[in-house]
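Read the structure below first, then the notes.
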Amino acid sequence: QVRLVESGGGLVQSGGSLRLSCKASGKIRSFTAMGWYRQAPGQERELVAMIAGGSNVVYGESVKGRFTISRDKAHTTVDLQMNNLRPEDTAVYYCKATLSASPFWGQGTQVTVSS
């Protein structure tokens with residue numbers, strides 16, 4: 001059983017910063033990939049940032065240059081540093097980890113950016 005717990009969401013003004021953290025627990029050897037997705041009301045869930053394999057990093061186009069993803073050496077925690085936040089970044093942010101081609105999701109954390 002794999003469990004992902006997110007933390008760090010909240011309310012911030014436009015231009016501000018937040019740091020999200022996702023901690024994995026359970027029967028973990030090594031995730032194939034870990035990262036973050038987000039879903040705004042009425043919209044589909046979209047990729048924010050993902051680390052695959054050892055160091056292959058992919059960012060969603062709208063967050064490039066503003067968000068930075070990082071993962072600890074044990075590959076059980078993945079963080080998302082979000083700078084220069086915009087109102088359009090408002091969404092529920094979900095942690096995702098892939099283990100042997102099986103996806104696991106966290107419960108989500110709300111990020112709200114006020115203008």
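Chain identifiers are assigned as A, B, and so on, following the order in which chains appear in the structure tokens; residues are numbered from 1 within each chain, and ligands are numbered from 1 in order of appearance.
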Mind the document's chain letters and residue numbers, and return as a count of residues only the residues of region 17-102 of chain A that DSSP labels strand (DSSP E or B).
48
What's the 7 Å shell around Leu11 (chain A), counting only C-alpha atoms, without same-chain residues fewer than 3 positions away, as a list in words?
Val111, Thr112 and Val113 of chain A
What's the 9 Å shell around region 13-16 of chain A, counting only C-alpha atoms, without same-chain residues fewer than 3 positions away, as a PDB file with all heavy atoms, in the first residue's frame?
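Printed below is result06.pdb as written:
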ATOM      1  N   MET A  82       6.880  27.215  -5.790  1.00  0.00           N
ATOM      2  CA  MET A  82       6.089  28.012  -6.720  1.00  0.00           C
ATOM      3  C   MET A  82       6.326  29.487  -6.444  1.00  0.00           C
ATOM      4  O   MET A  82       6.001  29.971  -5.357  1.00  0.00           O
ATOM      5  CB  MET A  82       4.601  27.667  -6.577  1.00  0.00           C
ATOM      6  CG  MET A  82       4.295  26.185  -6.714  1.00  0.00           C
ATOM      7  SD  MET A  82       2.523  25.824  -6.692  1.00  0.00           S
ATOM      8  CE  MET A  82       2.119  26.271  -5.004  1.00  0.00           C
ATOM      9  N   ASN A  83       6.912  30.166  -7.398  1.00  0.00           N
ATOM     10  CA  ASN A  83       7.195  31.595  -7.277  1.00  0.00           C
ATOM     11  C   ASN A  83       6.377  32.390  -8.282  1.00  0.00           C
ATOM     12  O   ASN A  83       5.885  31.847  -9.278  1.00  0.00           O
ATOM     13  CB  ASN A  83       8.689  31.845  -7.511  1.00  0.00           C
ATOM     14  CG  ASN A  83       9.562  31.182  -6.475  1.00  0.00           C
ATOM     15  OD1 ASN A  83       9.191  31.033  -5.319  1.00  0.00           O
ATOM     16  ND2 ASN A  83      10.750  30.767  -6.894  1.00  0.00           N
ATOM     17  N   ASN A  84       6.265  33.687  -8.009  1.00  0.00           N
ATOM     18  CA  ASN A  84       5.532  34.575  -8.907  1.00  0.00           C
ATOM     19  C   ASN A  84       4.157  33.996  -9.260  1.00  0.00           C
ATOM     20  O   ASN A  84       3.771  33.924 -10.432  1.00  0.00           O
ATOM     21  CB  ASN A  84       6.350  34.824 -10.180  1.00  0.00           C
ATOM     22  CG  ASN A  84       5.792  35.949 -11.016  1.00  0.00           C
ATOM     23  OD1 ASN A  84       5.048  36.800 -10.529  1.00  0.00           O
ATOM     24  ND2 ASN A  84       6.122  35.950 -12.304  1.00  0.00           N
ATOM     25  N   LEU A  85       3.431  33.600  -8.233  1.00  0.00           N
ATOM     26  CA  LEU A  85       2.131  32.976  -8.450  1.00  0.00           C
ATOM     27  C   LEU A  85       1.136  33.961  -9.052  1.00  0.00           C
ATOM     28  O   LEU A  85       1.168  35.166  -8.768  1.00  0.00           O
ATOM     29  CB  LEU A  85       1.600  32.412  -7.141  1.00  0.00           C
ATOM     30  CG  LEU A  85       2.259  31.089  -6.713  1.00  0.00           C
ATOM     31  CD1 LEU A  85       2.074  30.848  -5.227  1.00  0.00           C
ATOM     32  CD2 LEU A  85       1.679  29.944  -7.525  1.00  0.00           C
ATOM     33  N   ARG A  86       0.251  33.406  -9.869  1.00  0.00           N
ATOM     34  CA  ARG A  86      -0.769  34.195 -10.560  1.00  0.00           C
ATOM     35  C   ARG A  86      -2.152  33.663 -10.190  1.00  0.00           C
ATOM     36  O   ARG A  86      -2.283  32.495  -9.811  1.00  0.00           O
ATOM     37  CB  ARG A  86      -0.577  34.075 -12.075  1.00  0.00           C
ATOM     38  CG  ARG A  86       0.810  34.444 -12.570  1.00  0.00           C
ATOM     39  CD  ARG A  86       1.016  33.978 -13.995  1.00  0.00           C
ATOM     40  NE  ARG A  86       2.340  34.315 -14.512  1.00  0.00           N
ATOM     41  CZ  ARG A  86       2.846  33.827 -15.634  1.00  0.00           C
ATOM     42  NH1 ARG A  86       2.135  32.987 -16.375  1.00  0.00           N
ATOM     43  NH2 ARG A  86       4.061  34.197 -16.025  1.00  0.00           N
ATOM     44  N   PRO A  87      -3.180  34.482 -10.321  1.00  0.00           N
ATOM     45  CA  PRO A  87      -4.537  33.981 -10.028  1.00  0.00           C
ATOM     46  C   PRO A  87      -4.904  32.725 -10.817  1.00  0.00           C
ATOM     47  O   PRO A  87      -5.612  31.860 -10.304  1.00  0.00           O
ATOM     48  CB  PRO A  87      -5.421  35.165 -10.421  1.00  0.00           C
ATOM     49  CG  PRO A  87      -4.557  36.366 -10.178  1.00  0.00           C
ATOM     50  CD  PRO A  87      -3.172  35.921 -10.584  1.00  0.00           C
ATOM     51  N   THR A 112      -4.741  28.848  -3.557  1.00  0.00           N
ATOM     52  CA  THR A 112      -5.574  29.954  -4.012  1.00  0.00           C
ATOM     53  C   THR A 112      -4.716  31.206  -4.099  1.00  0.00           C
ATOM     54  O   THR A 112      -4.063  31.584  -3.127  1.00  0.00           O
ATOM     55  CB  THR A 112      -6.747  30.200  -3.062  1.00  0.00           C
ATOM     56  OG1 THR A 112      -7.528  29.014  -2.951  1.00  0.00           O
ATOM     57  CG2 THR A 112      -7.628  31.334  -3.583  1.00  0.00           C
ATOM     58  N   VAL A 113      -4.711  31.831  -5.263  1.00  0.00           N
ATOM     59  CA  VAL A 113      -3.925  33.038  -5.493  1.00  0.00           C
ATOM     60  C   VAL A 113      -4.884  34.194  -5.733  1.00  0.00           C
ATOM     61  O   VAL A 113      -5.669  34.170  -6.692  1.00  0.00           O
ATOM     62  CB  VAL A 113      -2.984  32.872  -6.694  1.00  0.00           C
ATOM     63  CG1 VAL A 113      -2.094  34.112  -6.830  1.00  0.00           C
ATOM     64  CG2 VAL A 113      -2.127  31.616  -6.542  1.00  0.00           C
ATOM     65  N   SER A 114      -4.825  35.177  -4.877  1.00  0.00           N
ATOM     66  CA  SER A 114      -5.721  36.331  -5.007  1.00  0.00           C
ATOM     67  C   SER A 114      -5.049  37.428  -5.822  1.00  0.00           C
ATOM     68  O   SER A 114      -3.840  37.600  -5.783  1.00  0.00           O
ATOM     69  CB  SER A 114      -6.097  36.859  -3.629  1.00  0.00           C
ATOM     70  OG  SER A 114      -4.948  37.323  -2.947  1.00  0.00           O
ATOM     71  N   SER A 115      -5.864  38.168  -6.541  1.00  0.00           N
ATOM     72  CA  SER A 115      -5.321  39.238  -7.393  1.00  0.00           C
ATOM     73  C   SER A 115      -5.213  40.551  -6.648  1.00  0.00           C
ATOM     74  O   SER A 115      -5.704  40.698  -5.537  1.00  0.00           O
ATOM     75  CB  SER A 115      -6.218  39.412  -8.622  1.00  0.00           C
ATOM     76  OG  SER A 115      -7.539  39.691  -8.225  1.00  0.00           O
TER      77      SER A 115
END
Which residue of A:Ser25, A:Ser7, A:Thr32, A:Thr109 approaches Ile51 (chain A) most closely, using only C-alpha atoms
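For Ile51 (chain A), the nearest of the given residues is A:Thr32.
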Interatomic distance, CA of Glu61 (chain A) to CA of Ala74 (chain A) (Å, one decimal):
27.9 Å
Which of these, A:Lys73, A:Arg3, A:Lys64, A:Arg45, has the shortest distance to Ser30 (chain A) once you count only C-alpha atoms?
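Checking each of A:Lys73, A:Arg3, A:Lys64, A:Arg45 against Ser30 (chain A), counting only C-alpha atoms, the winner is A:Lys73.
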In Å, with one decimal, what is the gap from CA of Gly26 (chain A) to CA of Ala40 (chain A)?
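A separation of 28.9 Å between them.
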So which residues touch Leu20 (chain A) within 6 Å, counting only C-alpha atoms, skipping near sequence neighbours fewer than 4 positions away, as a list in words?
Ser7, Gly8, Asp79 and Leu80 of chain A
May I ask for the distance between CA of Gln110 (chain A) and CA of Asn56 (chain A), given in Å to one decimal place?
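For CA of Gln110 (chain A) relative to CA of Asn56 (chain A), the distance reads 26.4 Å.
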When you look at Gly106 (chain A) with a cut-off of 12 Å (counting only C-alpha atoms), what residues show up, excluding the ones that are within fewer than 6 positions of it in the same chain? I need them as a ChimeraX atom specification.
/A:2-7,21-25,34-38,78,92-98
Go through A:Ala91, A:Ala101, A:Val12, A:Ala49 one by one, measure the shortest atom-to-atom distance of each to Arg71 (chain A) using only C-alpha atoms, and give the residue with the smallest value.
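The shortest atom-to-atom distance to Arg71 (chain A) comes from A:Ala49.
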